[in-house]
$ cat input_11.txt   # compact mmCIF, N, CA and C atoms
# COMPACT_ATOMS: atom_id res chain seq x y z
N MET A 1 -11.09 -37.19 -63.50
CA MET A 1 -10.04 -36.23 -63.45
C MET A 1 -9.90 -35.70 -62.02
N PRO A 2 -8.70 -35.65 -61.48
CA PRO A 2 -8.52 -35.14 -60.12
C PRO A 2 -8.70 -33.63 -60.07
N MET A 3 -9.00 -33.13 -58.87
CA MET A 3 -9.07 -31.68 -58.69
C MET A 3 -7.66 -31.12 -58.68
N LEU A 4 -7.47 -29.95 -59.25
CA LEU A 4 -6.16 -29.32 -59.34
C LEU A 4 -6.16 -28.05 -58.50
N VAL A 5 -5.00 -27.71 -57.96
CA VAL A 5 -4.84 -26.48 -57.19
C VAL A 5 -4.12 -25.48 -58.06
N ARG A 6 -4.60 -24.26 -58.05
CA ARG A 6 -4.00 -23.21 -58.87
C ARG A 6 -3.89 -21.94 -58.03
N LYS A 7 -2.82 -21.18 -58.23
CA LYS A 7 -2.66 -19.89 -57.57
C LYS A 7 -3.09 -18.80 -58.53
N CYS A 8 -3.98 -17.93 -58.08
CA CYS A 8 -4.47 -16.84 -58.92
C CYS A 8 -3.40 -15.76 -59.04
N PRO A 9 -3.07 -15.33 -60.26
CA PRO A 9 -2.08 -14.27 -60.41
C PRO A 9 -2.61 -12.90 -59.98
N ASN A 10 -3.92 -12.74 -59.89
CA ASN A 10 -4.51 -11.46 -59.52
C ASN A 10 -4.53 -11.26 -58.00
N CYS A 11 -5.09 -12.22 -57.25
CA CYS A 11 -5.22 -12.06 -55.80
C CYS A 11 -4.16 -12.84 -55.02
N GLY A 12 -3.48 -13.81 -55.66
CA GLY A 12 -2.43 -14.58 -55.00
C GLY A 12 -2.91 -15.71 -54.12
N LEU A 13 -4.21 -15.98 -54.09
CA LEU A 13 -4.76 -17.04 -53.26
C LEU A 13 -4.89 -18.34 -54.05
N LEU A 14 -4.81 -19.46 -53.34
CA LEU A 14 -4.98 -20.77 -53.98
C LEU A 14 -6.46 -21.09 -54.08
N PHE A 15 -6.83 -21.79 -55.15
CA PHE A 15 -8.20 -22.27 -55.29
C PHE A 15 -8.20 -23.60 -56.02
N TRP A 16 -9.24 -24.37 -55.80
CA TRP A 16 -9.38 -25.69 -56.43
C TRP A 16 -10.07 -25.54 -57.77
N ILE A 17 -9.57 -26.28 -58.76
CA ILE A 17 -10.22 -26.34 -60.07
C ILE A 17 -10.91 -27.70 -60.14
N LYS A 18 -12.23 -27.69 -60.25
CA LYS A 18 -13.00 -28.92 -60.38
C LYS A 18 -13.41 -29.10 -61.83
N GLU A 19 -13.71 -30.32 -62.20
CA GLU A 19 -14.04 -30.62 -63.59
C GLU A 19 -15.24 -29.82 -64.09
N GLN A 20 -16.24 -29.60 -63.24
CA GLN A 20 -17.42 -28.86 -63.68
C GLN A 20 -17.15 -27.36 -63.83
N ASP A 21 -16.02 -26.85 -63.31
CA ASP A 21 -15.67 -25.43 -63.43
C ASP A 21 -14.87 -25.10 -64.68
N ILE A 22 -14.44 -26.10 -65.43
CA ILE A 22 -13.56 -25.90 -66.58
C ILE A 22 -14.38 -25.67 -67.84
N ARG A 23 -14.02 -24.62 -68.58
CA ARG A 23 -14.58 -24.37 -69.91
C ARG A 23 -13.44 -24.46 -70.91
N CYS A 24 -13.69 -25.00 -72.07
CA CYS A 24 -12.65 -25.20 -73.09
C CYS A 24 -12.97 -24.36 -74.33
N PRO A 25 -12.38 -23.17 -74.45
CA PRO A 25 -12.63 -22.36 -75.64
C PRO A 25 -12.02 -22.96 -76.91
N ASP A 26 -10.94 -23.73 -76.74
CA ASP A 26 -10.35 -24.48 -77.85
C ASP A 26 -9.66 -25.71 -77.27
N GLU A 27 -9.08 -26.55 -78.12
CA GLU A 27 -8.52 -27.82 -77.63
C GLU A 27 -7.20 -27.66 -76.88
N ASN A 28 -6.60 -26.47 -76.88
CA ASN A 28 -5.32 -26.26 -76.21
C ASN A 28 -5.40 -25.37 -74.98
N THR A 29 -6.60 -25.00 -74.56
CA THR A 29 -6.74 -24.04 -73.46
C THR A 29 -7.92 -24.41 -72.56
N TRP A 30 -7.71 -24.27 -71.24
CA TRP A 30 -8.81 -24.32 -70.28
C TRP A 30 -9.08 -22.91 -69.81
N ARG A 31 -10.32 -22.61 -69.54
CA ARG A 31 -10.69 -21.32 -68.97
C ARG A 31 -11.43 -21.57 -67.66
N VAL A 32 -10.90 -21.04 -66.55
CA VAL A 32 -11.49 -21.21 -65.23
C VAL A 32 -11.59 -19.84 -64.56
N THR A 33 -12.42 -19.75 -63.53
CA THR A 33 -12.61 -18.51 -62.79
C THR A 33 -12.15 -18.69 -61.36
N CYS A 34 -11.36 -17.73 -60.86
CA CYS A 34 -10.91 -17.74 -59.46
C CYS A 34 -12.13 -17.59 -58.56
N HIS A 35 -12.21 -18.42 -57.52
CA HIS A 35 -13.36 -18.38 -56.62
C HIS A 35 -13.31 -17.19 -55.67
N HIS A 36 -12.14 -16.56 -55.52
CA HIS A 36 -11.99 -15.45 -54.58
C HIS A 36 -12.25 -14.10 -55.24
N CYS A 37 -11.53 -13.80 -56.33
CA CYS A 37 -11.64 -12.47 -56.97
C CYS A 37 -12.41 -12.51 -58.28
N HIS A 38 -12.80 -13.71 -58.73
CA HIS A 38 -13.59 -13.92 -59.95
C HIS A 38 -12.85 -13.52 -61.23
N GLN A 39 -11.52 -13.53 -61.17
CA GLN A 39 -10.68 -13.30 -62.35
C GLN A 39 -10.76 -14.53 -63.26
N VAL A 40 -10.93 -14.34 -64.55
CA VAL A 40 -10.95 -15.45 -65.51
C VAL A 40 -9.50 -15.77 -65.90
N LEU A 41 -9.11 -17.03 -65.73
CA LEU A 41 -7.75 -17.48 -66.02
C LEU A 41 -7.77 -18.41 -67.22
N ARG A 42 -6.80 -18.24 -68.10
CA ARG A 42 -6.64 -19.14 -69.25
C ARG A 42 -5.42 -20.01 -68.96
N ILE A 43 -5.61 -21.33 -68.93
CA ILE A 43 -4.54 -22.27 -68.63
C ILE A 43 -4.21 -23.05 -69.89
N PRO A 44 -2.99 -22.88 -70.43
CA PRO A 44 -2.61 -23.64 -71.63
C PRO A 44 -2.38 -25.10 -71.28
N LEU A 45 -2.69 -25.98 -72.22
CA LEU A 45 -2.46 -27.41 -72.03
C LEU A 45 -1.15 -27.82 -72.69
N ILE A 46 -0.51 -28.82 -72.12
CA ILE A 46 0.71 -29.37 -72.70
C ILE A 46 0.30 -30.19 -73.92
N THR A 47 0.97 -29.98 -75.05
CA THR A 47 0.54 -30.63 -76.29
C THR A 47 1.47 -31.75 -76.74
N LEU A 48 2.67 -31.85 -76.18
CA LEU A 48 3.62 -32.87 -76.59
C LEU A 48 4.14 -33.64 -75.39
N GLY A 49 4.59 -34.86 -75.61
CA GLY A 49 5.24 -35.65 -74.57
C GLY A 49 4.29 -36.53 -73.79
N ALA A 50 4.82 -37.10 -72.70
CA ALA A 50 4.07 -38.07 -71.90
C ALA A 50 2.88 -37.44 -71.19
N ASN A 51 2.93 -36.14 -70.92
CA ASN A 51 1.84 -35.46 -70.21
C ASN A 51 0.91 -34.69 -71.15
N ALA A 52 0.88 -35.06 -72.41
CA ALA A 52 0.02 -34.36 -73.38
C ALA A 52 -1.42 -34.37 -72.93
N GLY A 53 -2.06 -33.22 -73.01
CA GLY A 53 -3.45 -33.09 -72.59
C GLY A 53 -3.61 -32.64 -71.16
N ALA A 54 -2.52 -32.57 -70.39
CA ALA A 54 -2.57 -32.13 -69.00
C ALA A 54 -2.37 -30.62 -68.93
N PRO A 55 -2.89 -29.98 -67.87
CA PRO A 55 -2.70 -28.54 -67.75
C PRO A 55 -1.27 -28.20 -67.37
N LYS A 56 -0.77 -27.12 -67.90
CA LYS A 56 0.55 -26.63 -67.53
C LYS A 56 0.35 -25.80 -66.26
N MET A 57 0.92 -26.25 -65.16
CA MET A 57 0.64 -25.64 -63.86
C MET A 57 1.70 -24.65 -63.42
N GLY A 58 2.46 -24.08 -64.33
CA GLY A 58 3.39 -23.02 -63.98
C GLY A 58 4.76 -23.49 -63.54
N HIS A 59 5.13 -24.72 -63.81
CA HIS A 59 6.45 -25.23 -63.42
C HIS A 59 7.44 -25.01 -64.52
$ encode --input "input_11.txt" --output "structure tokens"
Amino acid sequence: MPMLVRKCPNCGLLFWIKEQDIRCPDENTWRVTCHHCHQVLRIPLITLGANAGAPKMGH
């Protein structure tokens, strides 16, 4: 899995999401922590279509 870039809604800084940093509380959500402010972010996964299983990156 490639590393993903995410912008923290709390501090506004970009950080890298690595595979070892991802926790999955359920099959439709990733939980990661911002490396700058340590805010816990919940990222919903796309469940339908060609990109099913990929993180929804705010587009």
$ axis_aligned_box --input "input_11.txt" --around "range 10-27 of chain A" --padding-each-side "4 Å" --output "JSON"
{"center_x": -9.9, "center_y": -20.9, "center_z": -65.7, "size_x": 23.0, "size_y": 27.4, "size_z": 32.9}
$ closest_residue --input "input_11.txt" --among "A:Cys34, A:Ile17, A:Cys24, A:Val40" --to "Val5 in chain A" --atoms "only N, CA and C atoms"
A:Ile17
$ residues_near_point --input "input_11.txt" --point "(-6.1, -24.7, -75.4)" --cutoff "6.5 Å" --atoms "all atoms listed in the file" --output "list in words"
Pro25, Asp26, Glu27, Asn28, Thr29, Trp30, Ile43, Pro44 and Leu45 of chain A
$ residues_around --input "input_11.txt" --residues "Phe15 in chain A" --least-positions-apart "2" --cutoff "7 Å" --atoms "only N, CA and C atoms" --output "PyMOL selection string"
chain A and resi 4-8+13+17+34-36
$ residues_around --input "input_11.txt" --residues "Asp21 in chain A" --least-positions-apart "2" --cutoff "8 Å" --atoms "only C-alpha atoms" --output "list of chain:residue names"
A:Ile17, A:Lys18, A:Glu19, A:Arg23, A:Val32, A:Thr33
$ select_by_dssp --input "input_11.txt" --residues "range 3-55 of chain A" --states "strand (DSSP E)" --output "mmCIF file with N, CA and C atoms, keeping the file's coordinate frame"
data_model
loop_
_atom_site.group_PDB
_atom_site.id
_atom_site.type_symbol
_atom_site.label_atom_id
_atom_site.label_comp_id
_atom_site.auth_asym_id
_atom_site.auth_seq_id
_atom_site.Cartn_x
_atom_site.Cartn_y
_atom_site.Cartn_z
ATOM 1 N N LEU A 4 -7.470 -29.950 -59.250
ATOM 2 C CA LEU A 4 -6.160 -29.320 -59.340
ATOM 3 C C LEU A 4 -6.160 -28.050 -58.500
ATOM 4 N N VAL A 5 -5.000 -27.710 -57.960
ATOM 5 C CA VAL A 5 -4.840 -26.480 -57.190
ATOM 6 C C VAL A 5 -4.120 -25.480 -58.060
ATOM 7 N N ARG A 6 -4.600 -24.260 -58.050
ATOM 8 C CA ARG A 6 -4.000 -23.210 -58.870
ATOM 9 C C ARG A 6 -3.890 -21.940 -58.030
ATOM 10 N N LYS A 7 -2.820 -21.180 -58.230
ATOM 11 C CA LYS A 7 -2.660 -19.890 -57.570
ATOM 12 C C LYS A 7 -3.090 -18.800 -58.530
ATOM 13 N N LEU A 14 -4.810 -19.460 -53.340
ATOM 14 C CA LEU A 14 -4.980 -20.770 -53.980
ATOM 15 C C LEU A 14 -6.460 -21.090 -54.080
ATOM 16 N N PHE A 15 -6.830 -21.790 -55.150
ATOM 17 C CA PHE A 15 -8.200 -22.270 -55.290
ATOM 18 C C PHE A 15 -8.200 -23.600 -56.020
ATOM 19 N N TRP A 16 -9.240 -24.370 -55.800
ATOM 20 C CA TRP A 16 -9.380 -25.690 -56.430
ATOM 21 C C TRP A 16 -10.070 -25.540 -57.770
ATOM 22 N N ILE A 17 -9.570 -26.280 -58.760
ATOM 23 C CA ILE A 17 -10.220 -26.340 -60.070
ATOM 24 C C ILE A 17 -10.910 -27.700 -60.140
ATOM 25 N N ARG A 23 -14.020 -24.620 -68.580
ATOM 26 C CA ARG A 23 -14.580 -24.370 -69.910
ATOM 27 C C ARG A 23 -13.440 -24.460 -70.910
ATOM 28 N N CYS A 24 -13.690 -25.000 -72.070
ATOM 29 C CA CYS A 24 -12.650 -25.200 -73.090
ATOM 30 C C CYS A 24 -12.970 -24.360 -74.330
ATOM 31 N N PRO A 25 -12.380 -23.170 -74.450
ATOM 32 C CA PRO A 25 -12.630 -22.360 -75.640
ATOM 33 C C PRO A 25 -12.020 -22.960 -76.910
ATOM 34 N N ASP A 26 -10.940 -23.730 -76.740
ATOM 35 C CA ASP A 26 -10.350 -24.480 -77.850
ATOM 36 C C ASP A 26 -9.660 -25.710 -77.270
ATOM 37 N N THR A 29 -6.600 -25.000 -74.560
ATOM 38 C CA THR A 29 -6.740 -24.040 -73.460
ATOM 39 C C THR A 29 -7.920 -24.410 -72.560
ATOM 40 N N TRP A 30 -7.710 -24.270 -71.240
ATOM 41 C CA TRP A 30 -8.810 -24.320 -70.280
ATOM 42 C C TRP A 30 -9.080 -22.910 -69.810
ATOM 43 N N ARG A 31 -10.320 -22.610 -69.540
ATOM 44 C CA ARG A 31 -10.690 -21.320 -68.970
ATOM 45 C C ARG A 31 -11.430 -21.570 -67.660
ATOM 46 N N VAL A 32 -10.900 -21.040 -66.550
ATOM 47 C CA VAL A 32 -11.490 -21.210 -65.230
ATOM 48 C C VAL A 32 -11.590 -19.840 -64.560
ATOM 49 N N THR A 33 -12.420 -19.750 -63.530
ATOM 50 C CA THR A 33 -12.610 -18.510 -62.790
ATOM 51 C C THR A 33 -12.150 -18.690 -61.360
ATOM 52 N N VAL A 40 -10.930 -14.340 -64.550
ATOM 53 C CA VAL A 40 -10.950 -15.450 -65.510
ATOM 54 C C VAL A 40 -9.500 -15.770 -65.900
ATOM 55 N N LEU A 41 -9.110 -17.030 -65.730
ATOM 56 C CA LEU A 41 -7.750 -17.480 -66.020
ATOM 57 C C LEU A 41 -7.770 -18.410 -67.220
ATOM 58 N N ARG A 42 -6.800 -18.240 -68.100
ATOM 59 C CA ARG A 42 -6.640 -19.140 -69.250
ATOM 60 C C ARG A 42 -5.420 -20.010 -68.960
ATOM 61 N N ILE A 43 -5.610 -21.330 -68.930
ATOM 62 C CA ILE A 43 -4.540 -22.270 -68.630
ATOM 63 C C ILE A 43 -4.210 -23.050 -69.890
ATOM 64 N N PRO A 44 -2.990 -22.880 -70.430
ATOM 65 C CA PRO A 44 -2.610 -23.640 -71.630
ATOM 66 C C PRO A 44 -2.380 -25.100 -71.280
#
$ atom_distance --input "input_11.txt" --atom1 "atom C of Ile46 in chain A" --atom2 "atom N of Leu14 in chain A"
23.8 Å
$ atom_distance --input "input_11.txt" --atom1 "CA of Cys11 in chain A" --atom2 "CA of Cys37 in chain A"
6.5 Å
